[in-house]
$ cat protein-v2.csv   # CSV, C-alpha atoms
chain,number,residue,atom,x,y,z
L,11,MET,CA,21.3,208.8,261.3
L,12,ALA,CA,18.6,206.7,259.6
L,13,ALA,CA,20.6,203.5,260.3
L,14,MET,CA,20.8,204.4,264.0
L,15,LEU,CA,17.1,205.1,264.1
L,16,TYR,CA,16.3,201.8,262.4
L,17,GLU,CA,18.5,199.9,264.9
L,18,ALA,CA,16.7,201.6,267.8
L,19,VAL,CA,13.1,201.0,266.6
L,20,ALA,CA,13.5,197.7,264.8
L,21,PRO,CA,11.6,196.0,263.2
L,22,GLU,CA,9.8,199.3,262.3
L,23,LYS,CA,11.2,201.3,259.3
L,24,PRO,CA,10.1,204.9,259.5
L,25,PRO,CA,10.2,206.7,256.1
L,26,CYS,CA,13.3,208.5,255.1
L,27,LEU,CA,11.9,211.5,253.4
L,28,TYR,CA,14.1,213.3,250.7
L,29,SER,CA,13.1,216.6,249.2
L,30,SER,CA,14.1,216.6,245.5
L,31,HIS,CA,14.6,220.1,244.1
L,32,ASP,CA,16.4,221.7,241.2
L,33,PHE,CA,19.7,222.3,242.9
L,34,GLU,CA,20.6,218.8,243.9
L,35,PHE,CA,23.5,216.7,242.6
L,36,PRO,CA,22.3,213.7,240.6
L,37,GLU,CA,24.5,211.5,242.8
L,38,CYS,CA,22.1,212.1,245.7
L,39,LYS,CA,19.1,210.4,243.9
L,40,ALA,CA,21.4,207.5,242.8
L,41,TYR,CA,22.5,207.1,246.4
L,42,LEU,CA,18.9,207.0,247.6
L,43,ASN,CA,18.2,204.1,245.2
L,44,CYS,CA,21.3,202.4,246.5
L,45,MET,CA,20.0,202.8,250.1
L,46,ARG,CA,16.7,201.2,249.2
L,47,GLY,CA,18.7,198.1,248.4
L,48,TYR,CA,20.0,198.2,252.0
L,49,GLY,CA,16.4,198.1,253.3
L,50,PHE,CA,15.8,201.8,253.9
L,51,ASN,CA,12.3,203.1,253.4
L,52,VAL,CA,13.1,206.0,251.1
L,53,GLU,CA,10.3,208.4,249.9
L,54,ILE,CA,10.9,211.4,247.6
L,55,ALA,CA,8.8,214.6,247.9
L,56,ARG,CA,8.9,217.8,246.0
L,57,PRO,CA,8.7,221.4,247.4
L,58,PHE,CA,5.8,223.6,246.4
L,59,LEU,CA,7.9,225.8,244.2
L,60,SER,CA,11.5,225.4,242.8
L,61,TYR,CA,14.3,227.7,243.8
L,62,PHE,CA,14.1,229.8,240.5
L,63,GLU,CA,10.3,230.0,240.8
L,64,LEU,CA,10.7,231.4,244.3
L,65,MET,CA,13.3,233.9,243.2
L,66,GLU,CA,11.0,235.0,240.3
L,67,ARG,CA,8.2,235.6,242.9
L,68,GLY,CA,10.4,238.0,244.8
L,69,MET,CA,11.9,235.9,247.6
L,70,GLY,CA,15.2,237.5,247.1
L,71,PHE,CA,18.6,235.8,247.2
L,72,ILE,CA,19.4,233.6,250.2
L,73,THR,CA,21.6,235.1,252.9
L,74,ARG,CA,22.9,233.7,256.2
L,75,TYR,CA,20.5,236.0,258.0
L,76,ASP,CA,17.6,234.8,255.9
L,77,ALA,CA,18.3,231.2,254.8
L,78,TRP,CA,14.9,230.4,253.4
L,79,CYS,CA,16.2,227.4,251.4
L,80,VAL,CA,15.6,224.9,254.2
L,81,PRO,CA,12.0,225.9,255.0
L,82,MET,CA,10.9,226.6,251.4
L,83,LEU,CA,12.8,223.8,249.5
L,84,VAL,CA,12.8,221.1,252.2
L,85,GLY,CA,10.2,222.2,254.7
L,86,THR,CA,7.2,222.7,252.3
L,87,ALA,CA,7.9,219.2,250.8
L,88,PHE,CA,7.8,217.7,254.3
L,89,LEU,CA,4.6,219.6,255.3
L,90,ASP,CA,2.9,218.5,252.1
L,91,TRP,CA,3.9,214.9,252.8
L,92,LEU,CA,2.5,215.2,256.3
L,93,ARG,CA,-0.7,216.6,255.0
L,94,GLY,CA,-1.0,213.6,252.6
L,95,LYS,CA,-0.7,211.3,255.7
L,96,GLY,CA,-3.7,213.0,257.3
L,97,ALA,CA,-1.9,215.5,259.5
L,98,THR,CA,-3.7,218.7,260.3
L,99,SER,CA,-0.8,220.6,261.9
L,100,PRO,CA,3.0,220.5,261.8
L,101,SER,CA,3.0,219.3,265.4
L,102,ASP,CA,1.5,216.0,264.2
L,103,GLY,CA,4.9,215.1,262.8
L,104,VAL,CA,8.5,214.9,264.1
L,105,MET,CA,11.6,215.7,262.0
L,106,PHE,CA,15.0,214.1,262.5
L,107,ARG,CA,17.8,216.4,261.3
L,108,GLY,CA,21.4,215.3,260.8
L,109,ILE,CA,23.3,218.3,262.1
L,110,SER,CA,26.6,217.1,263.4
L,111,GLY,CA,28.8,218.3,266.2
L,112,SER,CA,31.3,219.5,263.6
L,113,GLU,CA,29.0,222.1,262.1
L,114,TYR,CA,29.2,225.8,263.0
L,115,SER,CA,25.4,225.9,263.5
L,116,LYS,CA,25.6,223.3,266.3
L,117,LYS,CA,25.6,226.0,269.0
L,118,PHE,CA,22.2,227.3,267.8
L,119,HIS,CA,20.5,223.9,268.3
L,120,ARG,CA,19.4,221.5,271.0
L,121,GLU,CA,18.8,217.8,270.8
L,122,LEU,CA,15.1,218.4,271.1
L,123,GLU,CA,13.6,221.6,269.8
L,124,VAL,CA,10.9,223.1,267.6
L,125,TYR,CA,12.0,224.1,264.2
L,126,LYS,CA,10.5,227.6,264.2
L,127,PRO,CA,10.1,228.4,260.5
L,128,LEU,CA,7.7,225.4,260.3
L,129,GLN,CA,6.7,225.1,263.9
L,130,LEU,CA,7.8,221.5,263.6
L,131,PRO,CA,9.0,219.3,266.5
L,132,THR,CA,12.6,218.3,265.7
L,133,ILE,CA,15.1,215.9,267.1
L,134,ASN,CA,18.9,216.4,266.4
L,135,PRO,CA,20.4,213.1,267.4
L,136,MET,CA,23.9,213.7,265.9
L,137,LEU,CA,24.8,216.9,267.7
L,138,ASN,CA,27.3,215.1,270.0
L,139,PHE,CA,29.0,213.2,267.1
L,140,SER,CA,31.8,214.7,265.0
L,141,LYS,CA,31.8,214.3,261.3
L,142,GLU,CA,34.7,211.9,261.5
L,143,GLU,CA,32.8,209.8,264.1
L,144,ILE,CA,29.7,209.7,261.9
L,145,LEU,CA,31.7,208.5,258.9
L,146,ARG,CA,33.4,205.8,260.9
L,147,ILE,CA,30.0,204.6,262.3
L,148,ILE,CA,28.6,204.4,258.8
L,149,GLN,CA,31.4,202.2,257.7
L,150,GLU,CA,32.3,200.1,260.7
L,151,ARG,CA,28.9,199.7,262.5
L,152,TYR,CA,26.5,199.6,259.6
L,153,ASN,CA,28.8,198.6,256.6
L,154,LEU,CA,27.1,201.2,254.4
L,155,PRO,CA,28.7,202.9,251.4
L,156,PHE,CA,29.3,206.7,251.3
L,157,ASN,CA,27.5,209.1,249.0
L,158,PRO,CA,29.9,209.3,246.0
L,159,LEU,CA,29.9,213.1,246.3
L,160,TYR,CA,32.3,212.7,249.2
L,161,GLU,CA,35.0,211.8,246.7
L,162,ASN,CA,35.0,215.5,245.6
L,163,LEU,CA,33.3,217.4,248.4
L,164,SER,CA,33.6,217.6,252.1
L,165,ARG,CA,29.8,217.4,252.5
L,166,THR,CA,26.7,217.0,250.3
L,167,TYR,CA,26.0,220.6,249.5
L,168,CYS,CA,23.4,221.7,247.0
L,169,ILE,CA,24.9,222.8,243.7
L,170,CYS,CA,25.1,226.5,244.5
L,171,CYS,CA,25.0,226.2,248.3
L,172,TYR,CA,25.1,229.7,249.9
L,173,THR,CA,27.0,228.4,253.0
L,174,SER,CA,30.1,227.3,251.1
L,175,ALA,CA,33.0,229.7,250.3
L,176,ASP,CA,35.1,226.7,249.5
L,177,PRO,CA,36.8,227.4,246.1
L,178,LYS,CA,37.1,223.7,245.4
L,179,LYS,CA,33.4,223.2,245.9
L,180,MET,CA,32.5,226.3,243.8
L,181,SER,CA,34.8,225.2,241.0
L,182,TYR,CA,33.4,221.7,241.1
L,183,SER,CA,29.8,223.0,240.8
L,184,LYS,CA,30.6,225.4,238.0
L,185,GLN,CA,32.5,222.8,236.0
L,186,ARG,CA,29.6,220.3,236.1
L,187,PHE,CA,26.6,222.6,236.1
L,188,PRO,CA,27.7,225.8,234.3
L,189,ASP,CA,24.1,226.7,233.1
L,190,GLU,CA,22.6,226.4,236.6
L,191,CYS,CA,25.5,228.3,238.2
L,192,ALA,CA,25.3,231.1,235.6
L,193,ARG,CA,21.6,231.5,236.1
L,194,TYR,CA,21.9,231.5,239.9
L,195,TYR,CA,24.6,234.3,239.9
L,196,ARG,CA,22.9,236.2,237.1
L,197,GLN,CA,19.8,236.6,239.2
L,198,ILE,CA,21.8,237.7,242.2
L,199,ASP,CA,23.8,240.1,240.1
L,200,GLU,CA,20.5,241.7,238.8
L,201,MET,CA,19.2,242.1,242.4
L,202,LEU,CA,22.3,243.7,243.7
L,203,PHE,CA,23.6,245.8,240.9
L,204,GLY,CA,20.6,246.1,238.6
L,205,SER,CA,18.4,247.4,241.5
L,206,GLY,CA,20.9,249.9,242.8
L,207,LEU,CA,20.9,248.1,246.1
L,208,VAL,CA,24.7,247.9,246.3
L,209,ASP,CA,24.8,251.8,246.1
L,210,CYS,CA,22.7,252.2,249.2
L,211,VAL,CA,25.0,250.5,251.7
L,212,ALA,CA,27.5,252.2,253.9
L,213,GLU,CA,30.5,250.2,252.7
L,214,ASN,CA,33.9,251.0,251.2
L,215,GLU,CA,33.6,251.2,247.5
L,216,LYS,CA,36.1,248.4,246.9
L,217,MET,CA,33.8,246.1,248.9
L,218,ARG,CA,30.9,246.7,246.4
L,219,SER,CA,32.5,245.1,243.4
L,220,ARG,CA,31.0,242.1,241.5
L,221,GLU,CA,34.1,240.1,242.5
L,222,GLU,CA,33.5,240.9,246.2
L,223,LYS,CA,29.7,240.3,246.2
L,224,LEU,CA,29.5,237.4,243.9
L,225,GLU,CA,32.8,235.5,243.4
L,226,ARG,CA,33.6,235.6,247.1
L,227,HIS,CA,30.1,234.9,248.2
L,228,GLY,CA,29.9,238.2,250.0
L,229,PHE,CA,26.2,238.4,249.2
L,230,VAL,CA,25.4,235.6,251.8
L,231,HIS,CA,25.9,238.2,254.6
L,232,TRP,CA,23.4,240.7,253.3
L,233,ARG,CA,20.0,241.6,254.7
L,234,ARG,CA,17.3,242.6,252.2
L,235,ARG,CA,16.0,246.2,252.6
L,236,LYS,CA,12.5,246.5,254.0
L,237,GLU,CA,11.1,247.9,250.8
L,238,GLN,CA,12.3,244.7,249.0
L,239,GLU,CA,10.1,242.4,251.0
L,240,LYS,CA,7.2,240.9,249.2
L,241,VAL,CA,4.7,239.0,251.3
L,242,GLY,CA,1.8,237.1,249.6
L,243,ALA,CA,0.4,235.6,252.8
L,244,ILE,CA,0.9,235.7,256.5
L,245,LYS,CA,0.7,232.4,258.4
L,246,PHE,CA,-0.9,232.2,261.8
L,247,ARG,CA,-2.3,229.5,264.1
L,248,ARG,CA,-5.9,229.4,265.3
L,249,ALA,CA,-6.8,228.6,268.9
L,250,SER,CA,-7.7,225.1,267.7
L,251,GLY,CA,-4.1,224.6,266.5
L,252,VAL,CA,-5.0,224.6,262.8
L,253,LEU,CA,-2.7,226.7,260.5
L,254,ALA,CA,-4.4,229.5,258.6
L,255,TYR,CA,-3.2,232.2,256.2
L,256,PHE,CA,-4.1,235.9,255.8
L,257,ILE,CA,-3.9,236.6,252.1
L,258,ARG,CA,-2.3,240.0,251.2
L,259,GLU,CA,-1.5,239.5,247.5
L,260,SER,CA,-3.5,236.7,245.9
L,261,GLU,CA,-1.6,236.8,242.6
L,262,TRP,CA,1.6,235.7,244.5
L,263,ILE,CA,-0.1,232.6,245.9
L,264,ALA,CA,0.1,229.2,244.2
L,265,GLU,CA,-3.6,228.2,244.4
L,266,GLN,CA,-2.6,224.6,244.0
L,267,HIS,CA,-1.4,224.7,247.6
L,268,LEU,CA,-3.5,227.3,249.3
L,269,GLU,CA,-7.3,227.8,249.0
L,270,ILE,CA,-8.2,231.5,249.0
L,271,GLY,CA,-11.4,231.9,250.9
$ encode --input "protein-v2.csv" --output "structure tokens"
Amino acid sequence: MAAMLYEAVAPEKPPCLYSSHDFEFPECKAYLNCMRGYGFNVEIARPFLSYFELMERGMGFITRYDAWCVPMLVGTAFLDWLRGKGATSPSDGVMFRGISGSEYSKKFHRELEVYKPLQLPTINPMLNFSKEEILRIIQERYNLPFNPLYENLSRTYCICCYTSADPKKMSYSKQRFPDECARYYRQIDEMLFGSGLVDCVAENEKMRSREEKLERHGFVHWRRRKEQEKVGAIKFRRASGVLAYFIRESEWIAEQHLEIG
């Protein structure tokens, strides 16, 4: 996608922003350094808090209904980067996303939209391209190497990506990163079984086992119960367009990123 953008706006080279977090494969950073050698203007940003820090603050495990990983692990890094460039609102920036026409989520997106969790103008230029077409363009039109992760995975997931029920991918992650995977599933185990949450659902008993909810990634379909929600601040936009926050629980707020007035 970046290569197509660079071709369209040459000689300009807009920054390719990468959010570096604790669930990325090391191959991704190595690949970014490789891409710098091909002339890409790569910048690396960090999210406000890591995945495990967010979990410890009561975010709850990621589900398909509440996929907070993108706004919290990628989005906060992007917003912080925008702020560093002098932006006063998310609408001052534009995000390009690489969602392909082969992805299930394609039907939920348009080529031009607002990414609602961040209120960020977004362009999805790859929606009409299949994964196979994209890989062919990378090689044949731009003569670029693939991310080495594609040798073992069908896409560049995070280490414990909630979207993947692919046994090969799960096995690959657990083999290479046993400590991270063990910690990830241990937290979810405690939330589901330690809290008694699993006993409060109207489900057949055999569907409540650890194998069903953890090993088969059944937990990704869950919704958290209302009483489990912990909200430290509520975001809203003033008439001027500036973002503001109503603080509910100040001890849950990282004061490095929000000033409590």
$ residues_near_point --input "protein-v2.csv" --point "(27.3, 218.8, 267.2)" --cutoff "9 Å" --atoms "all atoms listed in the file" --output "VMD selection string"
chain L and resid 109 to 117 119 134 to 141
$ closest_residue --input "protein-v2.csv" --among "L:Phe187, L:Lys178, L:Met82, L:Asn157" --to "Pro127 in chain L" --atoms "all atoms listed in the file"
L:Met82
$ closest_residue --input "protein-v2.csv" --among "L:Leu130, L:Glu121, L:Lys179, L:Thr86" --to "Ser101 in chain L" --atoms "only C-alpha atoms"
L:Leu130
$ closest_residue --input "protein-v2.csv" --among "L:Ala40, L:Leu202, L:Ile148, L:Leu83" --to "Ser60 in chain L" --atoms "only C-alpha atoms"
L:Leu83
$ residues_around --input "protein-v2.csv" --residues "Met14 in chain L" --least-positions-apart "6" --cutoff "12 Å" --atoms "all atoms listed in the file" --output "PyMOL selection string"
chain L and resi 20+23-24+50+106+108+135-136+144+147-148+151-152+154
$ atom_distance --input "protein-v2.csv" --atom1 "CA of Ala249 in chain L" --atom2 "CA of Ile133 in chain L"
25.4 Å
$ residues_around --input "protein-v2.csv" --residues "Tyr28 in chain L" --least-positions-apart "4" --cutoff "12 Å" --atoms "only C-alpha atoms" --output "PyMOL selection string"
chain L and resi 12+34+38-39+41-43+51-57+83-88+91+105-107
$ residues_near_point --input "protein-v2.csv" --point "(4.2, 215.1, 264.0)" --cutoff "10 Å" --atoms "all atoms listed in the file" --output "count of residues only"
14
$ residues_around --input "protein-v2.csv" --residues "range 189-198 of chain L" --least-positions-apart "4" --cutoff "10 Å" --atoms "only C-alpha atoms" --output "ChimeraX atom specification"
/L:32-33,61-62,65-66,70-72,169-170,180,183-185,202-204,223-225,227,229
$ residues_around --input "protein-v2.csv" --residues "Thr166 in chain L" --least-positions-apart "2" --cutoff "10 Å" --atoms "all atoms listed in the file" --output "list in words"
Glu34, Phe35, Glu37, Cys38, Asn157, Pro158, Leu159, Tyr160, Asn162, Leu163, Ser164, Cys168, Ile169 and Cys171 of chain L
$ write_last_selection --input "protein-v2.csv" --atoms "C-alpha atoms" --output "tab-separated table (two decimals), in the coordinates of the input"
chain	number	residue	atom	x	y	z
L	34	GLU	CA	20.60	218.80	243.90
L	35	PHE	CA	23.50	216.70	242.60
L	37	GLU	CA	24.50	211.50	242.80
L	38	CYS	CA	22.10	212.10	245.70
L	157	ASN	CA	27.50	209.10	249.00
L	158	PRO	CA	29.90	209.30	246.00
L	159	LEU	CA	29.90	213.10	246.30
L	160	TYR	CA	32.30	212.70	249.20
L	162	ASN	CA	35.00	215.50	245.60
L	163	LEU	CA	33.30	217.40	248.40
L	164	SER	CA	33.60	217.60	252.10
L	168	CYS	CA	23.40	221.70	247.00
L	169	ILE	CA	24.90	222.80	243.70
L	171	CYS	CA	25.00	226.20	248.30
$ build_atoms --input "protein-v2.csv" --residues "range 146-172 of chain L" --atoms "N, CA, C and O atoms" --output "compact mmCIF listing (two decimals), keeping the file's coordinate frame"
# COMPACT_ATOMS: atom_id res chain seq x y z
N ARG L 146 32.84 207.09 260.44
CA ARG L 146 33.40 205.80 260.90
C ARG L 146 32.22 204.86 261.31
O ARG L 146 32.27 203.66 261.01
N ILE L 147 31.18 205.39 261.94
CA ILE L 147 30.00 204.60 262.30
C ILE L 147 29.33 204.02 261.08
O ILE L 147 28.93 202.85 261.04
N ILE L 148 29.20 204.87 260.04
CA ILE L 148 28.60 204.40 258.80
C ILE L 148 29.28 203.20 258.23
O ILE L 148 28.65 202.22 257.82
N GLN L 149 30.60 203.26 258.24
CA GLN L 149 31.40 202.20 257.70
C GLN L 149 31.51 200.96 258.58
O GLN L 149 31.27 199.82 258.19
N GLU L 150 31.89 201.24 259.82
CA GLU L 150 32.30 200.10 260.70
C GLU L 150 31.06 199.47 261.38
O GLU L 150 31.05 198.24 261.55
N ARG L 151 30.07 200.25 261.78
CA ARG L 151 28.90 199.70 262.50
C ARG L 151 27.86 199.14 261.54
O ARG L 151 27.27 198.08 261.76
N TYR L 152 27.64 199.90 260.44
CA TYR L 152 26.50 199.60 259.60
C TYR L 152 26.97 199.06 258.18
O TYR L 152 26.13 198.64 257.38
N ASN L 153 28.26 199.14 257.91
CA ASN L 153 28.80 198.60 256.60
C ASN L 153 28.05 199.21 255.43
O ASN L 153 27.67 198.48 254.50
N LEU L 154 27.86 200.50 255.45
CA LEU L 154 27.10 201.20 254.40
C LEU L 154 28.12 201.98 253.51
O LEU L 154 29.12 202.50 254.02
N PRO L 155 27.84 202.12 252.22
CA PRO L 155 28.70 202.90 251.40
C PRO L 155 28.46 204.43 251.59
O PRO L 155 27.39 204.83 252.05
N PHE L 156 29.45 205.24 251.26
CA PHE L 156 29.30 206.70 251.30
C PHE L 156 28.60 207.20 250.06
O PHE L 156 28.71 206.59 248.99
N ASN L 157 27.95 208.35 250.17
CA ASN L 157 27.50 209.10 249.00
C ASN L 157 28.72 209.39 248.14
O ASN L 157 29.70 209.92 248.64
N PRO L 158 28.72 209.06 246.84
CA PRO L 158 29.90 209.30 246.00
C PRO L 158 30.33 210.76 245.93
O PRO L 158 31.47 211.05 245.54
N LEU L 159 29.46 211.68 246.32
CA LEU L 159 29.90 213.10 246.30
C LEU L 159 31.04 213.36 247.25
O LEU L 159 31.80 214.31 247.05
N TYR L 160 31.20 212.52 248.28
CA TYR L 160 32.30 212.70 249.20
C TYR L 160 33.67 212.51 248.58
O TYR L 160 34.69 212.88 249.17
N GLU L 161 33.69 211.95 247.39
CA GLU L 161 35.00 211.80 246.70
C GLU L 161 35.49 213.18 246.24
O GLU L 161 36.70 213.35 246.02
N ASN L 162 34.59 214.15 246.07
CA ASN L 162 35.00 215.50 245.60
C ASN L 162 34.66 216.61 246.53
O ASN L 162 35.22 217.69 246.40
N LEU L 163 33.74 216.37 247.46
CA LEU L 163 33.30 217.40 248.40
C LEU L 163 33.40 216.99 249.81
O LEU L 163 33.35 215.79 250.11
N SER L 164 33.48 217.95 250.71
CA SER L 164 33.60 217.60 252.10
C SER L 164 32.23 217.36 252.76
O SER L 164 32.15 216.84 253.87
N ARG L 165 31.15 217.72 252.06
CA ARG L 165 29.80 217.40 252.50
C ARG L 165 28.87 217.49 251.32
O ARG L 165 29.25 217.94 250.25
N THR L 166 27.64 217.02 251.47
CA THR L 166 26.70 217.00 250.30
C THR L 166 25.94 218.27 250.23
O THR L 166 24.78 218.37 250.60
N TYR L 167 26.62 219.28 249.72
CA TYR L 167 26.00 220.60 249.50
C TYR L 167 24.95 220.47 248.36
O TYR L 167 24.94 219.52 247.59
N CYS L 168 24.13 221.52 248.23
CA CYS L 168 23.40 221.70 247.00
C CYS L 168 24.38 222.29 245.97
O CYS L 168 25.49 222.71 246.32
N ILE L 169 24.01 222.33 244.71
CA ILE L 169 24.90 222.80 243.70
C ILE L 169 25.48 224.14 243.91
O ILE L 169 26.67 224.39 243.76
N CYS L 170 24.64 225.09 244.28
CA CYS L 170 25.10 226.50 244.50
C CYS L 170 24.83 226.83 246.00
O CYS L 170 24.18 227.84 246.29
N CYS L 171 25.31 226.01 246.93
CA CYS L 171 25.00 226.20 248.30
C CYS L 171 25.55 227.57 248.83
O CYS L 171 26.73 227.86 248.66
N TYR L 172 24.70 228.38 249.45
CA TYR L 172 25.10 229.70 249.90
C TYR L 172 26.07 229.62 251.11
O TYR L 172 26.74 230.60 251.44
